[in-house]
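Listing of final-v6.pdb, PDB, C-alpha atoms and all ligand atoms
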MODEL        1
ATOM      1  CA  MET A  30      -9.338   3.506  -5.298
ATOM      2  CA  SER A  31      -6.477   3.178  -7.802
ATOM      3  CA  ILE A  32      -4.656  -0.146  -8.173
ATOM      4  CA  LEU A  33      -1.489   1.605  -7.033
ATOM      5  CA  ALA A  34      -3.159   2.627  -3.761
ATOM      6  CA  ALA A  35      -4.374  -0.964  -3.388
ATOM      7  CA  ALA A  36      -0.799  -2.228  -3.828
ATOM      8  CA  LYS A  37       0.408   0.107  -1.091
ATOM      9  CA  ILE A  38      -2.297  -1.063   1.292
ATOM     10  CA  ILE A  39      -1.543  -4.723   0.559
ATOM     11  CA  TRP A  40       2.163  -4.151   1.200
ATOM     12  CA  GLY A  41       1.284  -2.540   4.552
ATOM     13  CA  LEU A  42      -1.096  -5.347   5.478
ATOM     14  CA  GLY A  43       1.616  -7.862   4.583
ATOM     15  CA  LEU A  44       3.997  -6.193   6.998
ATOM     16  CA  VAL A  45       1.388  -6.233   9.781
ATOM     17  CA  GLY A  46       0.539  -9.890   9.011
ATOM     18  CA  TRP A  47       4.207 -10.830   9.125
ATOM     19  CA  TYR A  48       4.670  -9.250  12.529
ATOM     20  CA  ALA A  49       1.464 -10.798  13.872
ATOM     21  CA  ILE A  50       2.891 -14.216  12.981
ATOM     22  CA  ARG A  51       6.310 -13.510  14.467
ATOM     23  CA  PHE A  52       5.380 -11.705  17.687
ATOM     24  CA  PRO A  53       4.109 -14.699  19.737
ATOM     25  CA  PHE A  54       7.283 -16.642  18.910
ATOM     26  CA  GLU A  55       9.493 -13.759  19.950
ATOM     27  CA  ARG A  56       7.860 -13.951  23.363
ATOM     28  CA  ARG A  57       8.128 -17.723  23.584
ATOM     29  CA  VAL A  58      11.834 -17.983  22.774
ATOM     30  CA  LYS A  59      12.814 -15.288  25.273
ATOM     31  CA  ARG A  60      12.667 -17.869  28.042
ATOM     32  CA  GLU A  61      15.083 -20.283  26.327
ATOM     33  CA  ARG A  62      18.671 -20.387  27.517
ATOM     34  CA  VAL A  63      21.239 -19.730  24.777
ATOM     35  CA  VAL A  64      24.366 -21.916  24.834
ATOM     36  CA  ASP A  65      26.040 -20.778  21.595
ATOM     37  CA  ALA A  66      25.790 -17.535  19.624
ATOM     38  CA  ARG A  67      27.763 -16.785  16.460
ATOM     39  CA  SER A  68      29.047 -13.494  14.980
ATOM     40  CA  ARG A  69      26.725 -11.205  16.934
ATOM     41  CA  LEU A  70      27.973  -7.891  15.497
ATOM     42  CA  ARG A  71      28.096  -9.212  11.950
ATOM     43  CA  GLU A  72      24.581 -10.579  12.425
ATOM     44  CA  ARG A  73      23.352  -7.133  13.492
ATOM     45  CA  VAL A  74      24.823  -5.569  10.336
ATOM     46  CA  LEU A  75      23.213  -8.245   8.138
ATOM     47  CA  LEU A  76      19.827  -7.804   9.850
ATOM     48  CA  THR A  77      20.056  -4.058   9.222
ATOM     49  CA  CYS A  78      20.613  -4.690   5.487
ATOM     50  CA  SER A  79      17.601  -6.974   5.382
ATOM     51  CA  THR A  80      15.359  -4.551   7.323
ATOM     52  CA  LEU A  81      16.369  -1.681   5.027
ATOM     53  CA  GLY A  82      15.612  -3.677   1.883
ATOM     54  CA  LEU A  83      12.386  -5.390   2.934
ATOM     55  CA  GLY A  84      11.013  -2.674   5.231
ATOM     56  CA  VAL A  85      12.505   0.814   5.232
ATOM     57  CA  VAL A  86      13.129   1.462   1.506
ATOM     58  CA  PRO A  87       9.718   0.153   0.298
ATOM     59  CA  GLY A  88       8.092   1.797   3.347
ATOM     60  CA  ILE A  89       9.459   5.192   2.295
ATOM     61  CA  TRP A  90       8.174   4.645  -1.245
ATOM     62  CA  VAL A  91       4.731   3.622   0.028
ATOM     63  CA  ALA A  92       4.542   6.628   2.371
ATOM     64  CA  THR A  93       6.083   9.351   0.184
ATOM     65  CA  GLY A  94       6.449   8.054  -3.401
ATOM     66  CA  TRP A  95      10.220   8.632  -3.270
ATOM     67  CA  PRO A  96      12.314   7.984  -5.396
ATOM     68  CA  ARG A  97       9.779   9.129  -8.013
ATOM     69  CA  PHE A  98      12.162   9.095 -11.018
ATOM     70  CA  ALA A  99      12.371   5.296 -10.752
ATOM     71  CA  ASN A 100       8.606   4.658 -11.023
ATOM     72  CA  TYR A 101       7.259   2.567 -13.903
ATOM     73  CA  PRO A 102       3.709   1.572 -14.990
ATOM     74  CA  PHE A 103       1.577  -0.728 -12.842
ATOM     75  CA  THR A 104      -1.235  -3.051 -13.967
ATOM     76  CA  LEU A 105      -3.922  -5.211 -12.388
ATOM     77  CA  VAL A 106      -1.925  -8.328 -13.313
ATOM     78  CA  GLN A 107       0.958  -7.143 -11.124
ATOM     79  CA  LEU A 108      -1.446  -6.396  -8.261
ATOM     80  CA  VAL A 109      -3.058  -9.846  -8.362
ATOM     81  CA  LEU A 110       0.197 -11.739  -8.841
ATOM     82  CA  GLY A 111       2.046  -9.748  -6.166
ATOM     83  CA  THR A 112      -0.772 -10.313  -3.669
ATOM     84  CA  ALA A 113      -0.788 -14.058  -4.362
ATOM     85  CA  VAL A 114       2.979 -14.328  -3.827
ATOM     86  CA  PHE A 115       2.706 -12.266  -0.626
ATOM     87  CA  LEU A 116       0.032 -14.642   0.725
ATOM     88  CA  ALA A 117       2.179 -17.648  -0.165
ATOM     89  CA  SER A 118       5.110 -16.069   1.647
ATOM     90  CA  LEU A 119       3.073 -15.422   4.813
ATOM     91  CA  TRP A 120       1.655 -18.944   4.743
ATOM     92  CA  LEU A 121       5.136 -20.455   4.538
ATOM     93  CA  PHE A 122       6.421 -18.050   7.166
ATOM     94  CA  ARG A 123       3.757 -19.233   9.583
ATOM     95  CA  ARG A 124       4.463 -22.903   8.857
ATOM     96  CA  THR A 125       8.204 -22.488   9.456
ATOM     97  CA  HIS A 126       7.554 -20.780  12.806
ATOM     98  CA  LYS A 127       5.208 -23.562  13.860
ATOM     99  CA  ASP A 128       7.670 -26.285  12.833
ATOM    100  CA  LEU A 129      10.735 -24.607  14.332
ATOM    101  CA  GLY A 130       9.002 -23.522  17.579
ATOM    102  CA  LYS A 131      11.406 -22.737  20.406
ATOM    103  CA  ASN A 132      14.434 -23.530  18.246
ATOM    104  CA  TRP A 133      13.897 -20.330  16.285
ATOM    105  CA  SER A 134      16.076 -17.238  16.780
ATOM    106  CA  VAL A 135      16.537 -13.903  14.985
ATOM    107  CA  THR A 136      20.328 -14.213  14.996
ATOM    108  CA  LEU A 137      22.469 -17.370  14.933
ATOM    109  CA  GLU A 138      21.940 -19.132  18.268
ATOM    110  CA  ILE A 139      21.801 -22.608  19.776
ATOM    111  CA  LYS A 140      19.453 -23.138  22.721
ATOM    112  CA  GLU A 141      20.094 -25.352  25.723
ATOM    113  CA  LYS A 142      17.335 -27.765  24.654
ATOM    114  CA  HIS A 143      17.866 -27.283  20.930
ATOM    115  CA  ARG A 144      16.321 -29.959  18.742
ATOM    116  CA  LEU A 145      17.127 -30.502  15.067
ATOM    117  CA  ILE A 146      13.927 -30.129  13.043
ATOM    118  CA  THR A 147      13.727 -32.132   9.815
ATOM    119  CA  GLU A 148       9.964 -32.578   9.479
ATOM    120  CA  GLY A 149       7.046 -30.466   8.255
ATOM    121  CA  VAL A 150       8.238 -27.882   5.737
ATOM    122  CA  TYR A 151      11.791 -28.691   6.900
ATOM    123  CA  ARG A 152      11.470 -32.008   5.062
ATOM    124  CA  HIS A 153      11.588 -30.339   1.668
ATOM    125  CA  VAL A 154      14.244 -27.634   2.130
ATOM    126  CA  ARG A 155      16.585 -26.908   5.035
ATOM    127  CA  HIS A 156      16.015 -23.129   5.118
ATOM    128  CA  PRO A 157      12.254 -22.723   4.488
ATOM    129  CA  MET A 158      12.067 -19.502   6.528
ATOM    130  CA  TYR A 159      14.610 -17.980   4.150
ATOM    131  CA  SER A 160      12.502 -19.323   1.252
ATOM    132  CA  ALA A 161       9.574 -17.394   2.773
ATOM    133  CA  PHE A 162      11.667 -14.205   2.906
ATOM    134  CA  PHE A 163      12.721 -14.665  -0.733
ATOM    135  CA  LEU A 164       9.023 -15.054  -1.636
ATOM    136  CA  TRP A 165       8.360 -11.818   0.245
ATOM    137  CA  ALA A 166      11.153 -10.128  -1.759
ATOM    138  CA  LEU A 167       9.525 -11.458  -4.944
ATOM    139  CA  ALA A 168       6.107 -10.136  -3.862
ATOM    140  CA  GLN A 169       7.709  -6.735  -3.196
ATOM    141  CA  LEU A 170       9.341  -6.748  -6.651
ATOM    142  CA  ILE A 171       5.979  -7.449  -8.317
ATOM    143  CA  LEU A 172       3.850  -5.137  -6.127
ATOM    144  CA  ILE A 173       6.062  -2.048  -6.069
ATOM    145  CA  PRO A 174       6.503  -0.521  -9.536
ATOM    146  CA  ASN A 175       9.689   1.302  -8.687
ATOM    147  CA  ALA A 176      13.153   0.313  -9.927
ATOM    148  CA  VAL A 177      14.751   1.137  -6.553
ATOM    149  CA  ALA A 178      12.126   0.154  -3.939
ATOM    150  CA  GLY A 179      10.911  -2.943  -5.850
ATOM    151  CA  PRO A 180      14.194  -4.918  -5.963
ATOM    152  CA  ALA A 181      15.495  -3.550  -2.623
ATOM    153  CA  GLY A 182      14.153  -6.596  -0.763
ATOM    154  CA  PHE A 183      16.142  -9.005  -2.929
ATOM    155  CA  VAL A 184      19.304  -6.975  -2.412
ATOM    156  CA  GLY A 185      18.855  -6.547   1.368
ATOM    157  CA  PHE A 186      17.708 -10.055   2.180
ATOM    158  CA  GLY A 187      20.099 -11.539  -0.402
ATOM    159  CA  ILE A 188      23.039  -9.979   1.475
ATOM    160  CA  LEU A 189      21.809 -11.447   4.764
ATOM    161  CA  PHE A 190      21.218 -14.871   3.248
ATOM    162  CA  PHE A 191      24.501 -15.291   1.379
ATOM    163  CA  PHE A 192      26.664 -13.994   4.215
ATOM    164  CA  ARG A 193      24.772 -16.005   6.839
ATOM    165  CA  VAL A 194      23.819 -19.372   5.439
ATOM    166  CA  GLY A 195      27.327 -20.898   5.433
ATOM    167  CA  GLN A 196      27.885 -19.842   9.055
ATOM    168  CA  GLU A 197      24.503 -21.175  10.089
ATOM    169  CA  GLU A 198      25.224 -24.564   8.535
ATOM    170  CA  ARG A 199      28.673 -24.584  10.200
ATOM    171  CA  MET A 200      27.010 -23.941  13.569
ATOM    172  CA  MET A 201      24.423 -26.678  12.978
ATOM    173  CA  LEU A 202      27.193 -29.106  11.981
ATOM    174  CA  ASP A 203      29.192 -28.240  15.111
ATOM    175  CA  THR A 204      26.078 -28.911  17.212
ATOM    176  CA  PHE A 205      24.416 -31.870  15.512
ATOM    177  CA  GLY A 206      27.331 -33.432  13.561
ATOM    178  CA  ASP A 207      26.442 -36.378  11.338
ATOM    179  CA  GLU A 208      22.718 -35.907  11.911
ATOM    180  CA  TYR A 209      22.879 -32.489  10.229
ATOM    181  CA  ARG A 210      25.359 -33.746   7.599
ATOM    182  CA  ALA A 211      22.835 -36.415   6.563
ATOM    183  CA  TYR A 212      20.023 -33.843   6.601
ATOM    184  CA  MET A 213      22.094 -31.546   4.346
ATOM    185  CA  ALA A 214      22.767 -34.414   1.954
ATOM    186  CA  ARG A 215      19.043 -35.054   1.401
ATOM    187  CA  THR A 216      17.657 -31.479   1.292
ATOM    188  CA  PRO A 217      18.278 -28.434  -0.929
ATOM    189  CA  ARG A 218      18.747 -25.054   0.757
ATOM    190  CA  VAL A 219      15.751 -22.938  -0.291
ATOM    191  CA  VAL A 220      14.128 -24.081  -3.552
ATOM    192  CA  PRO A 221      12.876 -27.700  -3.798
ATOM    193  CA  GLY A 222      14.696 -29.552  -6.552
ATOM    194  CA  LEU A 223      16.803 -26.528  -7.523
ATOM    195  CA  TYR A 224      19.047 -25.002  -4.871
TER     196      TYR A 224
HETATM  197  N1  LIG A 301      17.541 -21.269   8.380
HETATM  198  C1  LIG A 301      16.303 -21.767   8.934
HETATM  199  C2  LIG A 301      16.013 -21.211  10.328
HETATM  200  C3  LIG A 301      16.011 -19.717  10.435
HETATM  201  S1  LIG A 301      15.951 -19.173  12.141
HETATM  202  C4  LIG A 301      15.178 -21.495   7.967
HETATM  203  O1  LIG A 301      15.385 -20.712   7.040
HETATM  204  O2  LIG A 301      14.095 -22.041   8.127
HETATM  205  C5  LIG A 301      17.676 -19.295  12.569
HETATM  206  C6  LIG A 301      17.959 -20.277  13.687
HETATM  207  O3  LIG A 301      17.315 -21.493  13.445
HETATM  208  C7  LIG A 301      19.441 -20.610  13.806
HETATM  209  O4  LIG A 301      19.991 -19.826  14.819
HETATM  210  C8  LIG A 301      19.484 -22.099  14.134
HETATM  211  O5  LIG A 301      19.823 -22.271  15.484
HETATM  212  C9  LIG A 301      18.071 -22.568  13.932
HETATM  213  N2  LIG A 301      17.928 -23.656  12.957
HETATM  214  C10 LIG A 301      18.199 -23.619  11.641
HETATM  215  N3  LIG A 301      17.867 -24.789  11.039
HETATM  216  C11 LIG A 301      17.344 -25.577  12.011
HETATM  217  C12 LIG A 301      16.798 -26.906  12.046
HETATM  218  N4  LIG A 301      16.723 -27.640  10.943
HETATM  219  N5  LIG A 301      16.371 -27.372  13.247
HETATM  220  C13 LIG A 301      16.452 -26.642  14.367
HETATM  221  N6  LIG A 301      16.937 -25.387  14.392
HETATM  222  C14 LIG A 301      17.385 -24.854  13.251
ENDMDL
END

Can you give me the file's structure in the form of structure tokens?
Ligand code: SAH
Amino acid sequence: MSILAAAKIIWGLGLVGWYAIRFPFERRVKRERVVDARSRLRERVLLTCSTLGLGVVPGIWVATGWPRFANYPFTLVQLVLGTAVFLASLWLFRRTHKDLGKNWSVTLEIKEKHRLITEGVYRHVRHPMYSAFFLWALAQLILIPNAVAGPAGFVGFGILFFFRVGQEERMMLDTFGDEYRAYMARTPRVVPGLY
């Protein structure tokens, strides 16, 4: 098997692994009553951007090789490094789901029994699930040697993140007030010690 074929398989396994982690939580949160939801339509548009960049565009490249003109050489170093970053991303993704539990939602929502989580991975950054998605985007960039499909994850998820994060923090401040203000003051957003 070529290393390029291996990269494609690893990308596919990553996608399956990601969904296997998320699926049980999707079922669990369905039963929670929502008391506040922000910018539903806008959220749908942002989620579409993210799905295109992290899923559809690389998926098309993996399945068909398109857009071929943008391909560049691939080495074993990229395969190993990309796989390692992908594993790190899935590990963090699982931790954030465990820590956030029933407070998690796909779009911006507050549940009836919402609790502010500040422990576990939430001790180090206040948006660790978004850190996990940025790690995924990085893994995609390293694993997919294509100038369009490789960086598509950063573009798609980056749009979701930058248009959403301010609104999410506004919603958390409206709900938890000074408790969230203090939490914001002691934690960076996604990268420990940096941002
Ligand atoms: N931004 C967080 C959570 C993503 S899930 C992260 O990247 O890890 C999005 C939902 O999580 C939001 O609708 C919000 O209600 C909830 N949320 C965000 N931060 C939270 C926290 N610290 N405690 C509890 N819920 C939180």

Discussion item. Env of Thr80 in chain A: 12 Å cut, atoms = only C-alpha atoms, seq-sep filter 4 positions within chain, self excluded. Answer as a ChimeraX atom specification.
Written reply: /A:44,73-76,84-88,162,166,181-189

Can I get the selection written as a JSON list (two decimals), in the coordinates of the input, with C-alpha atoms?
[["chain", "number", "residue", "atom", "x", "y", "z"],
["A", 44, "LEU", "CA", 4.00, -6.19, 7.00],
["A", 73, "ARG", "CA", 23.35, -7.13, 13.49],
["A", 74, "VAL", "CA", 24.82, -5.57, 10.34],
["A", 75, "LEU", "CA", 23.21, -8.24, 8.14],
["A", 76, "LEU", "CA", 19.83, -7.80, 9.85],
["A", 84, "GLY", "CA", 11.01, -2.67, 5.23],
["A", 85, "VAL", "CA", 12.50, 0.81, 5.23],
["A", 86, "VAL", "CA", 13.13, 1.46, 1.51],
["A", 87, "PRO", "CA", 9.72, 0.15, 0.30],
["A", 88, "GLY", "CA", 8.09, 1.80, 3.35],
["A", 162, "PHE", "CA", 11.67, -14.20, 2.91],
["A", 166, "ALA", "CA", 11.15, -10.13, -1.76],
["A", 181, "ALA", "CA", 15.50, -3.55, -2.62],
["A", 182, "GLY", "CA", 14.15, -6.60, -0.76],
["A", 183, "PHE", "CA", 16.14, -9.01, -2.93],
["A", 184, "VAL", "CA", 19.30, -6.98, -2.41],
["A", 185, "GLY", "CA", 18.86, -6.55, 1.37],
["A", 186, "PHE", "CA", 17.71, -10.06, 2.18],
["A", 187, "GLY", "CA", 20.10, -11.54, -0.40],
["A", 188, "ILE", "CA", 23.04, -9.98, 1.48],
["A", 189, "LEU", "CA", 21.81, -11.45, 4.76]]

Determine, using only C-alpha atoms and all ligand atoms, which residues of chain A have any atom at most 10 Å from an atom of ligand LIG 301 (chain A), and tabulate each with its shortest atom pair and distance in Å to one decimal place, rows ordered by chain and then rising number, as a Markdown table.
| residue | atom | partner | partner_atom | distance |
| --- | --- | --- | --- | --- |
| A:Val63 | CA | A:LIG301 | O5 | 9.7 |
| A:Asp65 | CA | A:LIG301 | O5 | 8.8 |
| A:Ala66 | CA | A:LIG301 | O4 | 7.9 |
| A:Arg67 | CA | A:LIG301 | O4 | 8.5 |
| A:Leu121 | CA | A:LIG301 | O2 | 9.8 |
| A:Phe122 | CA | A:LIG301 | O2 | 8.7 |
| A:Arg124 | CA | A:LIG301 | O2 | 9.7 |
| A:Thr125 | CA | A:LIG301 | O2 | 6.1 |
| A:His126 | CA | A:LIG301 | O2 | 8.1 |
| A:Asp128 | CA | A:LIG301 | N5 | 8.8 |
| A:Leu129 | CA | A:LIG301 | C13 | 6.1 |
| A:Gly130 | CA | A:LIG301 | C13 | 8.7 |
| A:Lys131 | CA | A:LIG301 | N6 | 8.6 |
| A:Asn132 | CA | A:LIG301 | N6 | 5.0 |
| A:Trp133 | CA | A:LIG301 | O3 | 4.6 |
| A:Ser134 | CA | A:LIG301 | C6 | 4.7 |
| A:Val135 | CA | A:LIG301 | S1 | 6.0 |
| A:Thr136 | CA | A:LIG301 | O4 | 5.6 |
| A:Leu137 | CA | A:LIG301 | O4 | 3.5 |
| A:Glu138 | CA | A:LIG301 | O4 | 4.0 |
| A:Ile139 | CA | A:LIG301 | O5 | 4.7 |
| A:Lys140 | CA | A:LIG301 | O5 | 7.3 |
| A:His143 | CA | A:LIG301 | C13 | 6.7 |
| A:Arg144 | CA | A:LIG301 | C13 | 5.5 |
| A:Leu145 | CA | A:LIG301 | N5 | 3.7 |
| A:Ile146 | CA | A:LIG301 | N5 | 3.7 |
| A:Thr147 | CA | A:LIG301 | N4 | 5.5 |
| A:Glu148 | CA | A:LIG301 | N4 | 8.5 |
| A:Val150 | CA | A:LIG301 | O2 | 8.6 |
| A:Tyr151 | CA | A:LIG301 | N4 | 6.5 |
| A:Arg152 | CA | A:LIG301 | N4 | 9.0 |
| A:Val154 | CA | A:LIG301 | O2 | 8.2 |
| A:Arg155 | CA | A:LIG301 | N4 | 6.0 |
| A:His156 | CA | A:LIG301 | O1 | 3.2 |
| A:Pro157 | CA | A:LIG301 | O2 | 4.1 |
| A:Met158 | CA | A:LIG301 | O1 | 3.6 |
| A:Tyr159 | CA | A:LIG301 | O1 | 4.1 |
| A:Ser160 | CA | A:LIG301 | O1 | 6.6 |
| A:Ala161 | CA | A:LIG301 | O1 | 7.9 |
| A:Phe162 | CA | A:LIG301 | O1 | 8.6 |
| A:Phe190 | CA | A:LIG301 | N1 | 9.0 |
| A:Arg193 | CA | A:LIG301 | N1 | 9.1 |
| A:Val194 | CA | A:LIG301 | N1 | 7.2 |
| A:Gln196 | CA | A:LIG301 | C7 | 9.7 |
| A:Glu197 | CA | A:LIG301 | C7 | 6.3 |
| A:Glu198 | CA | A:LIG301 | C10 | 7.7 |
| A:Met200 | CA | A:LIG301 | O5 | 7.6 |
| A:Met201 | CA | A:LIG301 | C8 | 6.8 |
| A:Thr204 | CA | A:LIG301 | O5 | 9.3 |
| A:Phe205 | CA | A:LIG301 | N5 | 9.5 |
| A:Tyr209 | CA | A:LIG301 | N4 | 7.9 |
| A:Tyr212 | CA | A:LIG301 | N4 | 8.3 |
| A:Met213 | CA | A:LIG301 | N4 | 9.4 |
| A:Arg218 | CA | A:LIG301 | O1 | 8.3 |
| A:Val219 | CA | A:LIG301 | O1 | 7.7 |

Discussion item. List as an MDAnalysis selection string the protein and nucleic acid residues near range 36-38 of chain A, meaning an atom at most 7 Å away when only C-alpha atoms are counted, but skip any in the same chain fewer than 4 places from it.
Written reply: chainID A and resid 32 42 91 108 172

Produce a table with one row for each residue of range 66-131 of chain A that has an atom at most 12 Å from any atom of range 167-171 of chain A, each row naming the nearest atom pair and its distance in Å at one decimal; use all atoms listed in the file; arrange rows by chain and rising residue number; format as a tab-separated table.
residue	atom	partner	partner_atom	distance
A:Gly82	CA	A:Gln169	CA	9.9
A:Leu83	CA	A:Gln169	CA	7.8
A:Gly84	CA	A:Gln169	CA	9.9
A:Val86	CA	A:Gln169	CA	10.9
A:Pro87	CA	A:Gln169	CA	8.0
A:Gly88	CA	A:Gln169	CA	10.8
A:Trp90	CA	A:Gln169	CA	11.6
A:Val91	CA	A:Gln169	CA	11.2
A:Tyr101	CA	A:Ile171	CA	11.5
A:Pro102	CA	A:Ile171	CA	11.4
A:Phe103	CA	A:Ile171	CA	9.2
A:Thr104	CA	A:Ile171	CA	10.2
A:Leu105	CA	A:Ile171	CA	10.9
A:Val106	CA	A:Ile171	CA	9.4
A:Gln107	CA	A:Ile171	CA	5.8
A:Leu108	CA	A:Ile171	CA	7.5
A:Val109	CA	A:Ile171	CA	9.3
A:Leu110	CA	A:Ile171	CA	7.2
A:Gly111	CA	A:Ala168	CA	4.7
A:Thr112	CA	A:Ala168	CA	6.9
A:Ala113	CA	A:Ala168	CA	7.9
A:Val114	CA	A:Ala168	CA	5.2
A:Phe115	CA	A:Ala168	CA	5.2
A:Leu116	CA	A:Ala168	CA	8.8
A:Ala117	CA	A:Ala168	CA	9.2
A:Ser118	CA	A:Ala168	CA	8.2
A:Leu119	CA	A:Ala168	CA	10.6

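The shortest atom-to-atom distance to Arg123 in chain A, with only C-alpha atoms taken into account, belongs to A:Gly149 out of A:Ala211, A:Gly149, A:Trp40, A:Glu72.
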
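Using only C-alpha atoms for every distance, the candidate list A:Leu70, A:Val45, A:Ala214, A:Ala35 yields A:Ala214 as the residue closest to His153 in chain A.
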
Practice prompt. Have a look at CA of Trp47 in chain A and CA of Trp165 in chain A and let me know their distance in Å, one decimal.
Written response: 9.9 Å

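As for CA of Ala34 in chain A and CA of Phe98 in chain A, they are spaced 18.1 Å apart.
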
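Between CA of Asn100 in chain A and CA of Ile173 in chain A the separation is 8.7 Å.
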
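Closest approach to Val220 in chain A from the set A:Ala92, A:Leu164, A:Ala178, A:Leu202 is made by A:Leu164, with distances taken over only C-alpha atoms.
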
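You can rank A:Gly222, A:Gly206, A:Gly46, A:Gly179 by their closest distance to Ile89 in chain A using only C-alpha atoms, and at the top of that list sits A:Gly179.
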
Taking all heavy atoms as the atom set, what does range 62-68 of chain A look like once completed, written as a PDB file, keeping the file's coordinate frame?
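Contents of part.pdb, as written:
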ATOM      1  N   ARG A  62      17.284 -20.721  27.221  1.00  0.00           N
ATOM      2  CA  ARG A  62      18.671 -20.387  27.517  1.00  0.00           C
ATOM      3  C   ARG A  62      19.545 -20.638  26.292  1.00  0.00           C
ATOM      4  O   ARG A  62      19.465 -21.690  25.650  1.00  0.00           O
ATOM      5  CB  ARG A  62      19.169 -21.246  28.686  1.00  0.00           C
ATOM      6  CG  ARG A  62      20.026 -20.469  29.677  1.00  0.00           C
ATOM      7  CD  ARG A  62      20.294 -21.323  30.907  1.00  0.00           C
ATOM      8  NE  ARG A  62      21.371 -22.278  30.639  1.00  0.00           N
ATOM      9  CZ  ARG A  62      22.665 -21.971  30.766  1.00  0.00           C
ATOM     10  NH1 ARG A  62      23.033 -20.779  31.185  1.00  0.00           N
ATOM     11  NH2 ARG A  62      23.588 -22.875  30.509  1.00  0.00           N
ATOM     12  N   VAL A  63      20.386 -19.635  25.960  1.00  0.00           N
ATOM     13  CA  VAL A  63      21.239 -19.730  24.777  1.00  0.00           C
ATOM     14  C   VAL A  63      22.601 -20.293  25.182  1.00  0.00           C
ATOM     15  O   VAL A  63      23.221 -19.811  26.126  1.00  0.00           O
ATOM     16  CB  VAL A  63      21.413 -18.324  24.146  1.00  0.00           C
ATOM     17  CG1 VAL A  63      22.381 -18.367  22.969  1.00  0.00           C
ATOM     18  CG2 VAL A  63      20.060 -17.774  23.706  1.00  0.00           C
ATOM     19  N   VAL A  64      23.064 -21.334  24.478  1.00  0.00           N
ATOM     20  CA  VAL A  64      24.366 -21.916  24.834  1.00  0.00           C
ATOM     21  C   VAL A  64      25.452 -21.616  23.804  1.00  0.00           C
ATOM     22  O   VAL A  64      26.625 -21.835  24.054  1.00  0.00           O
ATOM     23  CB  VAL A  64      24.261 -23.449  25.060  1.00  0.00           C
ATOM     24  CG1 VAL A  64      23.450 -23.743  26.316  1.00  0.00           C
ATOM     25  CG2 VAL A  64      23.670 -24.158  23.849  1.00  0.00           C
ATOM     26  N   ASP A  65      25.053 -21.124  22.619  1.00  0.00           N
ATOM     27  CA  ASP A  65      26.040 -20.778  21.595  1.00  0.00           C
ATOM     28  C   ASP A  65      25.447 -19.659  20.743  1.00  0.00           C
ATOM     29  O   ASP A  65      24.281 -19.724  20.362  1.00  0.00           O
ATOM     30  CB  ASP A  65      26.341 -22.011  20.721  1.00  0.00           C
ATOM     31  CG  ASP A  65      27.498 -21.788  19.752  1.00  0.00           C
ATOM     32  OD1 ASP A  65      28.077 -20.676  19.761  1.00  0.00           O
ATOM     33  OD2 ASP A  65      27.823 -22.722  18.986  1.00  0.00           O
ATOM     34  N   ALA A  66      26.231 -18.617  20.503  1.00  0.00           N
ATOM     35  CA  ALA A  66      25.790 -17.535  19.624  1.00  0.00           C
ATOM     36  C   ALA A  66      26.958 -17.176  18.716  1.00  0.00           C
ATOM     37  O   ALA A  66      28.078 -17.050  19.181  1.00  0.00           O
ATOM     38  CB  ALA A  66      25.346 -16.331  20.439  1.00  0.00           C
ATOM     39  N   ARG A  67      26.689 -17.052  17.425  1.00  0.00           N
ATOM     40  CA  ARG A  67      27.763 -16.785  16.460  1.00  0.00           C
ATOM     41  C   ARG A  67      27.685 -15.367  15.897  1.00  0.00           C
ATOM     42  O   ARG A  67      26.599 -14.867  15.635  1.00  0.00           O
ATOM     43  CB  ARG A  67      27.673 -17.783  15.289  1.00  0.00           C
ATOM     44  CG  ARG A  67      27.694 -19.238  15.708  1.00  0.00           C
ATOM     45  CD  ARG A  67      29.110 -19.747  15.854  1.00  0.00           C
ATOM     46  NE  ARG A  67      29.113 -21.029  16.547  1.00  0.00           N
ATOM     47  CZ  ARG A  67      29.528 -22.181  16.007  1.00  0.00           C
ATOM     48  NH1 ARG A  67      29.953 -22.209  14.772  1.00  0.00           N
ATOM     49  NH2 ARG A  67      29.511 -23.284  16.719  1.00  0.00           N
ATOM     50  N   SER A  68      28.859 -14.780  15.679  1.00  0.00           N
ATOM     51  CA  SER A  68      29.047 -13.494  14.980  1.00  0.00           C
ATOM     52  C   SER A  68      27.971 -12.452  15.274  1.00  0.00           C
ATOM     53  O   SER A  68      27.296 -11.988  14.371  1.00  0.00           O
ATOM     54  CB  SER A  68      29.125 -13.708  13.472  1.00  0.00           C
ATOM     55  OG  SER A  68      29.007 -15.034  13.090  1.00  0.00           O
TER      56      SER A  68
END
